[in-house]
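**Student:** Below you'll find work10.txt; it's compact mmCIF, C-alpha atoms.
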# COMPACT_ATOMS: atom_id res chain seq x y z
CA MET I 1 6.60 1.89 21.34
CA PHE I 2 8.48 -0.93 19.62
CA GLU I 3 6.40 -3.53 21.47
CA LEU I 4 3.23 -1.79 20.25
CA VAL I 5 4.44 -1.98 16.63
CA ARG I 6 5.31 -5.65 17.03
CA PHE I 7 1.87 -6.30 18.54
CA LEU I 8 0.09 -4.54 15.65
CA LEU I 9 2.10 -6.49 13.07
CA ARG I 10 1.21 -9.75 14.80
CA VAL I 11 -2.47 -8.79 14.89
CA SER I 12 -2.33 -8.07 11.14
CA TYR I 13 -0.59 -11.39 10.51
CA TYR I 14 -3.10 -13.47 12.47
CA TYR I 15 -6.03 -11.60 10.93
CA ALA I 16 -4.68 -12.30 7.43
CA LEU I 17 -4.40 -15.98 8.36
CA LEU I 18 -7.92 -15.97 9.78
CA VAL I 19 -9.56 -14.60 6.62
CA GLY I 20 -7.47 -16.81 4.30
CA VAL I 21 -5.43 -14.14 2.50
CA LEU I 22 -2.20 -15.78 3.72
CA ASN I 23 -1.78 -19.42 2.71
CA PHE I 24 1.61 -19.89 4.37
CA GLU I 25 2.93 -19.47 7.89
CA ILE I 26 5.60 -17.20 9.32
CA ASP I 27 7.60 -18.48 12.27
CA LEU I 28 7.38 -15.58 14.73
CA ARG I 29 10.59 -16.69 16.50
CA THR I 30 12.80 -16.79 13.43
CA GLY I 31 10.73 -14.65 11.02
CA ARG I 32 11.04 -17.27 8.29
CA ALA I 33 8.05 -18.06 6.03
CA ARG I 34 7.19 -21.66 5.24
CA ILE I 35 4.41 -23.64 3.56
CA THR I 36 2.51 -26.03 5.83
CA LYS I 37 -0.32 -28.46 5.15
CA ARG I 38 -2.45 -27.10 8.01
CA THR I 39 -2.38 -23.52 6.76
CA SER I 40 -2.91 -24.59 3.14
CA ILE I 41 -6.05 -26.60 3.95
CA TYR I 42 -7.50 -23.86 6.16
CA ALA I 43 -6.82 -21.09 3.60
CA ALA I 44 -8.35 -23.18 0.79
CA CYS I 45 -11.54 -23.75 2.83
CA VAL I 46 -11.87 -20.06 3.72
CA ASN I 47 -11.29 -19.03 0.09
CA VAL I 48 -14.02 -21.40 -1.12
CA ILE I 49 -16.46 -20.04 1.49
CA CYS I 50 -15.61 -16.49 0.46
CA ILE I 51 -16.20 -17.19 -3.23
CA CYS I 52 -19.46 -19.04 -2.51
CA GLY I 53 -20.71 -16.05 -0.54
CA LEU I 54 -20.30 -13.60 -3.43
CA PRO I 55 -23.77 -14.35 -4.94
CA TRP I 56 -25.30 -12.74 -1.83
CA LEU I 57 -24.01 -9.42 -3.21
CA SER I 58 -25.76 -9.84 -6.56
CA GLY I 59 -28.33 -7.22 -7.38
CA THR I 60 -28.68 -3.73 -5.99
CA HIS I 61 -30.72 -4.40 -2.84
CA VAL I 62 -27.76 -3.36 -0.67
CA ILE I 63 -27.61 0.20 -1.99
CA HIS I 64 -31.42 0.49 -1.91
CA SER I 65 -31.42 -0.54 1.74
CA PHE I 66 -29.09 2.41 2.46
CA TRP I 67 -30.72 4.85 0.05
CA SER I 68 -34.29 4.21 -1.04
CA GLN I 69 -34.18 6.98 -3.67
CA ALA I 70 -31.23 5.47 -5.58
CA GLU I 71 -31.68 5.60 -9.35
CA LEU I 72 -30.23 3.54 -12.19
CA LEU I 73 -27.08 5.69 -12.44
CA HIS I 74 -26.37 5.23 -8.74
CA ASP I 75 -26.89 1.47 -9.09
CA TYR I 76 -24.31 1.35 -11.87
CA MET I 77 -21.80 3.35 -9.82
CA PHE I 78 -22.24 1.03 -6.84
CA LEU I 79 -21.92 -2.12 -8.99
CA VAL I 80 -18.76 -0.87 -10.74
CA MET I 81 -17.14 0.02 -7.40
CA LEU I 82 -18.15 -3.32 -5.87
CA SER I 83 -17.04 -5.27 -8.96
CA GLY I 84 -13.61 -3.66 -8.77
CA ARG I 85 -13.21 -4.80 -5.16
CA ILE I 86 -14.49 -8.30 -5.87
CA LEU I 87 -12.17 -8.66 -8.86
CA CYS I 88 -9.24 -7.41 -6.76
CA VAL I 89 -9.94 -9.97 -4.02
CA SER I 90 -10.49 -12.80 -6.53
CA VAL I 91 -7.30 -12.02 -8.46
CA THR I 92 -5.35 -11.77 -5.20
CA LEU I 93 -6.60 -15.12 -3.91
CA ILE I 94 -5.72 -16.78 -7.22
CA SER I 95 -2.27 -15.14 -7.34
CA ARG I 96 -1.56 -16.12 -3.72
CA TRP I 97 -1.91 -19.75 -4.77
CA SER I 98 -0.24 -19.56 -8.18
CA GLN I 99 2.67 -17.47 -6.87
CA ARG I 100 2.81 -18.79 -3.32
CA ARG I 101 6.47 -19.80 -3.44
CA ARG I 102 7.39 -16.38 -4.84
CA PHE I 103 5.60 -14.67 -1.94
CA VAL I 104 7.42 -16.94 0.51
CA ARG I 105 10.76 -15.95 -1.05
CA LEU I 106 9.78 -12.27 -0.86
CA VAL I 107 8.97 -12.54 2.84
CA ASN I 108 12.23 -14.36 3.53
CA SER I 109 14.23 -11.80 1.53
CA LEU I 110 12.68 -8.91 3.46
CA HIS I 111 13.38 -10.73 6.73
CA HIS I 112 17.01 -11.31 5.69
CA LEU I 113 17.47 -7.59 5.03
CA THR I 114 15.90 -6.76 8.40
CA GLN I 115 18.25 -9.19 10.16
CA GLN I 116 21.24 -7.44 8.60
CA LYS I 117 20.04 -4.06 9.94
CA PRO I 118 17.70 -4.65 12.90
CA HIS I 119 17.53 -0.92 13.72
CA VAL I 120 15.51 -0.44 10.50
CA MET I 121 12.46 -1.46 12.55
CA ARG I 122 12.61 1.94 14.25
CA MET I 123 11.67 3.46 10.90
CA TRP I 124 8.41 1.51 10.87
CA ARG I 125 6.80 2.95 13.99
CA ARG I 126 4.94 5.93 12.59
CA GLY I 127 4.01 4.14 9.36
CA VAL I 128 2.64 1.00 11.03
CA ILE I 129 0.63 2.87 13.67
CA SER I 130 -0.86 5.41 11.22
CA LYS I 131 -1.81 2.69 8.73
CA PHE I 132 -3.40 0.51 11.40
CA MET I 133 -5.40 3.39 12.90
CA SER I 134 -6.67 4.72 9.55
CA VAL I 135 -7.89 1.28 8.44
CA ILE I 136 -9.59 0.42 11.74
CA LEU I 137 -11.29 3.81 12.12
CA SER I 138 -12.45 3.90 8.50
CA ASP I 139 -14.05 0.45 8.66
CA LEU I 140 -15.59 0.88 12.12
CA LEU I 141 -17.12 4.29 11.38
CA GLN I 142 -18.60 3.23 8.06
CA MET I 143 -19.90 0.00 9.56
CA ALA I 144 -21.54 1.85 12.46
CA ALA I 145 -23.22 4.28 10.04
CA SER I 146 -24.46 1.37 7.90
CA LEU I 147 -25.98 -0.42 10.90
CA LEU I 148 -27.80 2.75 11.97
CA LEU I 149 -29.24 3.09 8.47
CA ILE I 150 -30.55 -0.47 8.06
CA TRP I 151 -31.28 -1.45 11.67
CA GLU I 152 -35.07 -1.09 11.38
CA LYS I 153 -35.32 -3.03 8.08
CA LEU I 154 -32.66 -5.64 8.82
CA THR I 155 -33.38 -9.09 7.37
CA ILE I 156 -31.36 -12.30 7.21
CA GLN I 157 -30.52 -11.81 3.54
CA LEU I 158 -29.58 -8.17 4.07
CA SER I 159 -27.46 -9.12 7.11
CA PHE I 160 -25.49 -11.63 5.03
CA SER I 161 -25.10 -9.15 2.18
CA VAL I 162 -23.80 -6.36 4.42
CA MET I 163 -21.50 -8.78 6.26
CA ILE I 164 -20.01 -10.07 2.99
CA PHE I 165 -19.71 -6.49 1.66
CA TYR I 166 -17.60 -5.43 4.65
CA ALA I 167 -15.68 -8.72 4.55
CA ILE I 168 -14.68 -7.88 0.96
CA SER I 169 -13.62 -4.41 2.13
CA ALA I 170 -11.56 -5.98 4.94
CA LEU I 171 -9.85 -8.31 2.45
CA VAL I 172 -9.00 -5.35 0.21
CA ASN I 173 -7.51 -3.51 3.21
CA ILE I 174 -5.37 -6.55 4.08
CA ILE I 175 -4.08 -6.80 0.49
CA ILE I 176 -3.14 -3.12 0.50
CA SER I 177 -1.55 -3.45 3.95
CA HIS I 178 0.73 -6.28 2.81
CA TYR I 179 2.01 -4.18 -0.09
CA TYR I 180 2.35 -1.15 2.19
CA PHE I 181 4.31 -2.99 4.92
CA ALA I 182 6.69 -4.47 2.34
CA LEU I 183 7.36 -1.02 0.84
CA LEU I 184 7.69 0.47 4.33
CA ASN I 185 10.46 -2.03 5.03
CA VAL I 186 12.23 -1.12 1.78
CA TYR I 187 11.80 2.60 2.52
CA GLY I 188 13.45 2.16 5.93
CA GLN I 189 16.37 0.40 4.24
CA TYR I 190 16.71 3.29 1.77
CA ILE I 191 16.82 5.82 4.62
CA LEU I 192 19.62 3.86 6.31
CA ILE I 193 21.77 3.42 3.19
CA ASN I 194 21.34 7.13 2.38
CA ARG I 195 22.75 7.89 5.83
CA GLU I 196 25.65 5.52 5.18
CA LEU I 197 26.23 7.13 1.79
CA ARG I 198 26.41 10.60 3.39
CA ALA I 199 28.96 9.28 5.88
CA VAL I 200 31.06 7.77 3.06
CA LEU I 201 30.95 11.03 1.12
CA ALA I 202 31.94 13.05 4.20
CA GLU I 203 34.87 10.74 4.98
CA THR I 204 35.98 10.76 1.33
CA ARG I 205 35.95 14.56 1.35
CA SER I 206 38.07 14.57 4.49
CA LEU I 207 40.75 12.53 2.68
CA GLU I 208 41.63 15.60 0.61
CA SER I 209 43.64 16.89 3.58
CA GLU I 210 45.28 13.51 4.34
CA CYS I 211 49.04 13.73 3.73
CA ARG I 212 50.11 10.23 4.85
CA LYS I 213 50.00 7.98 1.81
CA GLY I 214 49.67 4.70 3.73
CA VAL I 215 46.72 5.93 5.79
CA PHE I 216 45.19 7.41 2.63
CA ILE I 217 45.25 4.06 0.79
CA ILE I 218 43.88 2.11 3.78
CA LYS I 219 41.00 4.55 4.24
CA CYS I 220 40.21 4.52 0.52
CA CYS I 221 40.04 0.71 0.49
CA SER I 222 37.74 0.75 3.52
CA LEU I 223 35.46 3.36 1.94
CA ALA I 224 35.40 1.41 -1.34
CA ASP I 225 34.27 -1.73 0.54
CA ARG I 226 31.53 0.20 2.34
CA LEU I 227 30.36 1.80 -0.90
CA GLU I 228 30.25 -1.59 -2.62
CA ALA I 229 28.10 -2.93 0.24
CA ILE I 230 25.73 0.04 -0.16
CA GLY I 231 25.50 -0.61 -3.91
CA ASN I 232 24.76 -4.32 -3.39
CA THR I 233 22.05 -3.52 -0.84
CA GLN I 234 20.44 -1.00 -3.18
CA PHE I 235 20.52 -3.55 -6.02
CA GLN I 236 18.79 -6.15 -3.82
CA LEU I 237 16.16 -3.61 -2.76
CA GLN I 238 15.39 -2.69 -6.35
CA ILE I 239 15.00 -6.35 -7.31
CA LEU I 240 12.56 -6.77 -4.41
CA ILE I 241 10.58 -3.75 -5.59
CA GLN I 242 10.38 -5.21 -9.10
CA HIS I 243 9.09 -8.52 -7.72
CA LEU I 244 6.53 -6.68 -5.59
CA THR I 245 5.22 -4.63 -8.51
CA ASN I 246 4.99 -7.77 -10.66
CA CYS I 247 3.06 -9.66 -7.96
CA PHE I 248 0.68 -6.79 -7.16
CA GLY I 249 0.38 -5.29 -10.66
CA LEU I 250 -3.16 -6.41 -11.53
CA GLN I 251 -4.38 -5.78 -7.97
CA ALA I 252 -2.99 -2.23 -8.16
CA LEU I 253 -4.89 -1.59 -11.40
CA LEU I 254 -8.17 -2.88 -9.98
CA LEU I 255 -7.67 -0.93 -6.75
CA THR I 256 -7.06 2.24 -8.76
CA ILE I 257 -10.42 1.73 -10.50
CA SER I 258 -12.10 1.03 -7.16
CA TYR I 259 -10.54 4.12 -5.55
CA TYR I 260 -11.58 6.19 -8.55
CA MET I 261 -15.23 5.10 -8.34
CA SER I 262 -15.27 5.47 -4.55
CA GLY I 263 -13.89 8.98 -4.79
CA VAL I 264 -16.42 9.99 -7.46
CA SER I 265 -19.30 8.51 -5.44
CA MET I 266 -18.32 10.16 -2.16
CA ILE I 267 -17.80 13.62 -3.66
CA TYR I 268 -21.02 13.33 -5.64
CA LEU I 269 -23.16 12.23 -2.67
CA GLY I 270 -21.55 14.72 -0.29
CA PHE I 271 -22.08 17.66 -2.64
CA SER I 272 -25.63 16.57 -3.44
CA GLU I 273 -26.55 16.33 0.24
CA LEU I 274 -24.98 19.70 1.10
CA THR I 275 -26.68 21.53 -1.78
CA GLY I 276 -30.01 19.77 -1.37
CA ALA I 277 -29.97 18.45 -4.95
CA ILE I 278 -30.68 14.98 -3.50
CA ARG I 279 -32.20 14.36 -0.11
CA LEU I 280 -30.70 11.27 1.48
CA ASN I 281 -32.95 11.53 4.56
CA TRP I 282 -30.13 10.37 6.81
CA SER I 283 -29.88 11.40 10.46
CA LYS I 284 -27.18 13.74 11.71
CA TRP I 285 -25.50 10.85 13.54
CA VAL I 286 -25.26 8.86 10.31
CA LEU I 287 -23.92 11.86 8.38
CA ALA I 288 -21.38 12.60 11.13
CA LEU I 289 -20.16 8.97 11.22
CA LEU I 290 -19.96 8.80 7.43
CA GLY I 291 -18.14 12.13 7.27
CA CYS I 292 -15.51 10.97 9.78
CA GLY I 293 -15.33 7.59 8.03
CA PHE I 294 -14.70 9.23 4.66
CA ILE I 295 -11.96 11.39 6.15
CA CYS I 296 -10.27 8.27 7.55
CA TYR I 297 -10.81 6.48 4.22
CA PHE I 298 -9.08 9.19 2.19
CA THR I 299 -6.36 9.45 4.85
CA ASP I 300 -5.75 5.73 4.45
CA ILE I 301 -5.50 6.15 0.67
CA HIS I 302 -2.99 8.98 1.17
CA ILE I 303 -0.90 6.84 3.55
CA SER I 304 -0.94 3.85 1.19
CA VAL I 305 0.03 5.87 -1.89
CA ASN I 306 2.44 8.28 -0.19
CA ILE I 307 4.84 5.46 0.77
CA ILE I 308 5.50 4.96 -2.96
CA TYR I 309 6.31 8.63 -3.48
CA ALA I 310 8.44 8.70 -0.32
CA LEU I 311 10.42 5.76 -1.70
CA LEU I 312 10.86 7.50 -5.05
CA ASP I 313 12.07 10.63 -3.23
CA ALA I 314 14.56 8.57 -1.20
CA HIS I 315 15.88 7.03 -4.42
CA ALA I 316 16.18 10.48 -6.04
CA GLU I 317 18.05 11.70 -2.97
CA MET I 318 20.49 8.80 -3.35
CA VAL I 319 21.14 9.73 -6.97
CA LYS I 320 21.70 13.35 -5.96
CA LEU I 321 24.10 12.37 -3.17
CA LEU I 322 26.09 10.09 -5.43
CA SER I 323 26.52 12.84 -8.02
CA GLN I 324 28.57 14.82 -5.45
CA HIS I 325 31.59 12.56 -5.98
CA THR I 326 32.40 14.52 -9.17
CA LEU I 327 33.19 17.54 -6.96
CA PHE I 328 36.07 15.79 -5.18
CA ALA I 329 39.61 17.01 -5.75
CA PRO I 330 41.77 15.06 -8.24
CA GLY I 331 43.96 12.28 -6.88
CA LEU I 332 41.26 10.00 -5.47
CA ASP I 333 42.17 6.31 -5.17
CA GLU I 334 41.47 4.48 -8.46
CA ARG I 335 39.44 1.67 -6.87
CA LEU I 336 37.28 4.08 -4.86
CA ALA I 337 36.68 6.23 -7.96
CA ALA I 338 35.78 3.10 -9.96
CA VAL I 339 33.25 2.03 -7.30
CA PHE I 340 31.67 5.50 -7.36
CA ASP I 341 31.37 5.36 -11.17
CA SER I 342 30.00 1.80 -11.09
CA PHE I 343 27.36 2.71 -8.50
CA GLN I 344 26.32 5.77 -10.49
CA LEU I 345 25.99 3.71 -13.68
CA GLN I 346 23.95 1.13 -11.77
CA LEU I 347 21.41 3.80 -10.80
CA ALA I 348 21.40 5.39 -14.27
CA TRP I 349 20.84 2.12 -16.16
CA ASN I 350 18.17 0.86 -13.78
CA PRO I 351 16.01 3.80 -12.61
CA LEU I 352 13.42 3.09 -9.94
CA LYS I 353 9.87 2.87 -11.33
CA PHE I 354 6.56 1.58 -10.04
CA SER I 355 4.95 0.33 -13.22
CA VAL I 356 1.40 -1.07 -13.23
CA LEU I 357 1.36 -3.83 -15.87
CA GLY I 358 3.33 -1.53 -18.17
CA LEU I 359 0.23 0.69 -18.59
CA TYR I 360 1.34 3.60 -16.43
CA ASP I 361 3.84 4.51 -13.73
CA MET I 362 2.90 5.51 -10.19
CA GLU I 363 4.11 9.10 -10.14
CA LYS I 364 2.91 12.28 -8.45
CA SER I 365 1.93 13.83 -11.78
CA ASN I 366 -0.30 10.84 -12.59
CA ALA I 367 -1.86 11.04 -9.11
CA VAL I 368 -2.72 14.71 -9.63
CA THR I 369 -4.23 13.87 -13.03
CA LEU I 370 -6.31 11.08 -11.47
CA ALA I 371 -7.51 13.35 -8.66
CA SER I 372 -8.57 16.07 -11.13
CA SER I 373 -10.39 13.42 -13.17
CA VAL I 374 -12.28 12.29 -10.04
CA VAL I 375 -13.45 15.87 -9.41
CA THR I 376 -14.40 16.34 -13.08
CA SER I 377 -16.43 13.13 -13.16
CA SER I 378 -18.20 14.11 -9.93
CA LEU I 379 -19.13 17.49 -11.42
CA VAL I 380 -20.53 15.77 -14.54
CA LEU I 381 -22.79 13.60 -12.37
CA ILE I 382 -23.91 16.60 -10.33
CA GLN I 383 -24.72 18.57 -13.50
CA ASN I 384 -26.67 15.59 -14.81
CA ASP I 385 -28.80 15.50 -11.63
CA LEU I 386 -29.40 19.26 -11.72
CA LYS I 387 -30.42 19.03 -15.38
CA ASN I 388 -32.89 16.21 -14.68
CA ALA I 389 -34.29 18.07 -11.67
CA TYR I 390 -34.83 21.16 -13.86
CA LEU I 391 -36.58 19.11 -16.56
CA TYR I 392 -38.94 17.41 -14.12
Please express what this file holds, its structure, as structure tokens.

**Tutor:**
Amino acid sequence: MFELVRFLLRVSYYYALLVGVLNFEIDLRTGRARITKRTSIYAACVNVICICGLPWLSGTHVIHSFWSQAELLHDYMFLVMLSGRILCVSVTLISRWSQRRRFVRLVNSLHHLTQQKPHVMRMWRRGVISKFMSVILSDLLQMAASLLLIWEKLTIQLSFSVMIFYAISALVNIIISHYYFALLNVYGQYILINRELRAVLAETRSLESECRKGVFIIKCCSLADRLEAIGNTQFQLQILIQHLTNCFGLQALLLTISYYMSGVSMIYLGFSELTGAIRLNWSKWVLALLGCGFICYFTDIHISVNIIYALLDAHAEMVKLLSQHTLFAPGLDERLAAVFDSFQLQLAWNPLKFSVLGLYDMEKSNAVTLASSVVTSSLVLIQNDLKNAYLY
């Protein structure tokens, strides 16, 4: 299983190099990131080709090739969704060059933490495999449905447009995957230090029955050292999270807009087809492929977003565990008590947040609000179509 995870991570790394999202190399033997002339020149060429190919997506001929009955409202929805993805890719490519050394330091910092605790890689298995499968299935199913729809009217211009459209989608998936894998690494570290914190608390509680003063002092010093190491690791992890949110802040905002429009469009089209308000005239094979593709797409969104909430839950669990030290019997070693208080103050003064450019925080309550807004917007579009159908 571990070899499979390593293979999938290497495939993701080489694919990111191939499409030009990564403009630095990672030595697979040592895990260290470095800037090389060869990779820089290749990434620059691929980025220029990608930007030059964007005019092929101008206009609305792509959506009309899929759906001949598309109206002006549908054109606007498609263009807003596509613009969000294009802006996300463009901003990412620019930030990868302007902040390249920062990304290199982030990769090296994550690798350093992994070297300190190699068994953290066991925590990645389910996350890496589920993310890889959801992305591949979502793209393949939607691509197969698109080819079935346009096969009979395929032209050179339409072929280039569809190819660039799915290339943009692939680039967006790579950008999200990089953020996801970084947070997955941090989440694994949080799980391990929470285990260590439970062990420290259990051993500290057992000292209440220790009668030998010399042994008591030695054990307290050892526990204080271990607790300090846990606090330092948590501080490093939180700094990494802050750097990650700063680097991916604008991309996260644009992806939120893109996800919002995609969700509204999919619910709107699905409901319209089921109720007969709009006849898409698509075959059952196309509808089946798109249905499975949409399920994989929303599953991928859930996986990508849920890692943030899992990390917030792990941090909250750490705060809850640390608060148990106030229940210990009096007489605890002064240094150990001071380390407990210092660690608790560290968490209180610097709470974990995932802020998007200071506009909003990624929290479960905000996700529920966004999901309800997607449903509301979809219902407004459906009511608008039903009203127009009644008038005409």

**Student:** Between I:Cys220, I:Val107, I:Ile136, I:Leu321, which one has atoms that come closest to His243 in chain I, using only C-alpha atoms?

**Tutor:**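 Of I:Cys220, I:Val107, I:Ile136, I:Leu321, the one nearest His243 in chain I is I:Val107, counting only C-alpha atoms.
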
**Student:** Compare I:Gln346, I:Leu149, I:Arg85, I:Glu228 by their minimum atom-to-atom distance to Tyr166 in chain I, counting only C-alpha atoms, and give me the closest one.

**Tutor:**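 Nearest candidate to Tyr166 in chain I out of I:Gln346, I:Leu149, I:Arg85, I:Glu228: I:Arg85.
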
**Student:** Neighbours of Leu255 in chain I within 9 Å (all atoms listed in the file; same-chain residues fewer than 4 positions away dropped), as a PDB file with C-alpha atoms, in the coordinates of the input?

**Tutor:**
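Final output, saved to out-v1.pdb:
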ATOM      1  CA  GLY I  84     -13.610  -3.660  -8.770  1.00  0.00           C
ATOM      2  CA  ARG I  85     -13.210  -4.800  -5.160  1.00  0.00           C
ATOM      3  CA  CYS I  88      -9.240  -7.410  -6.760  1.00  0.00           C
ATOM      4  CA  VAL I 172      -9.000  -5.350   0.210  1.00  0.00           C
ATOM      5  CA  ILE I 176      -3.140  -3.120   0.500  1.00  0.00           C
ATOM      6  CA  LEU I 250      -3.160  -6.410 -11.530  1.00  0.00           C
ATOM      7  CA  GLN I 251      -4.380  -5.780  -7.970  1.00  0.00           C
ATOM      8  CA  TYR I 259     -10.540   4.120  -5.550  1.00  0.00           C
ATOM      9  CA  TYR I 260     -11.580   6.190  -8.550  1.00  0.00           C
TER      10      TYR I 260
END

**Student:** Name the residues in contact with Ile191 in chain I at a cut-off of 10 Å, using all atoms listed in the file, excluding same-chain residues fewer than 3 positions from it; report them as a PyMOL selection string.

**Tutor:** chain I and resi 120+123+186-188+194-197+311+314-315+317-318

**Student:** Quote the spacing between CA of Ile267 in chain I and CA of Phe181 in chain I in Å to one decimal place.

**Tutor:** 29.0 Å
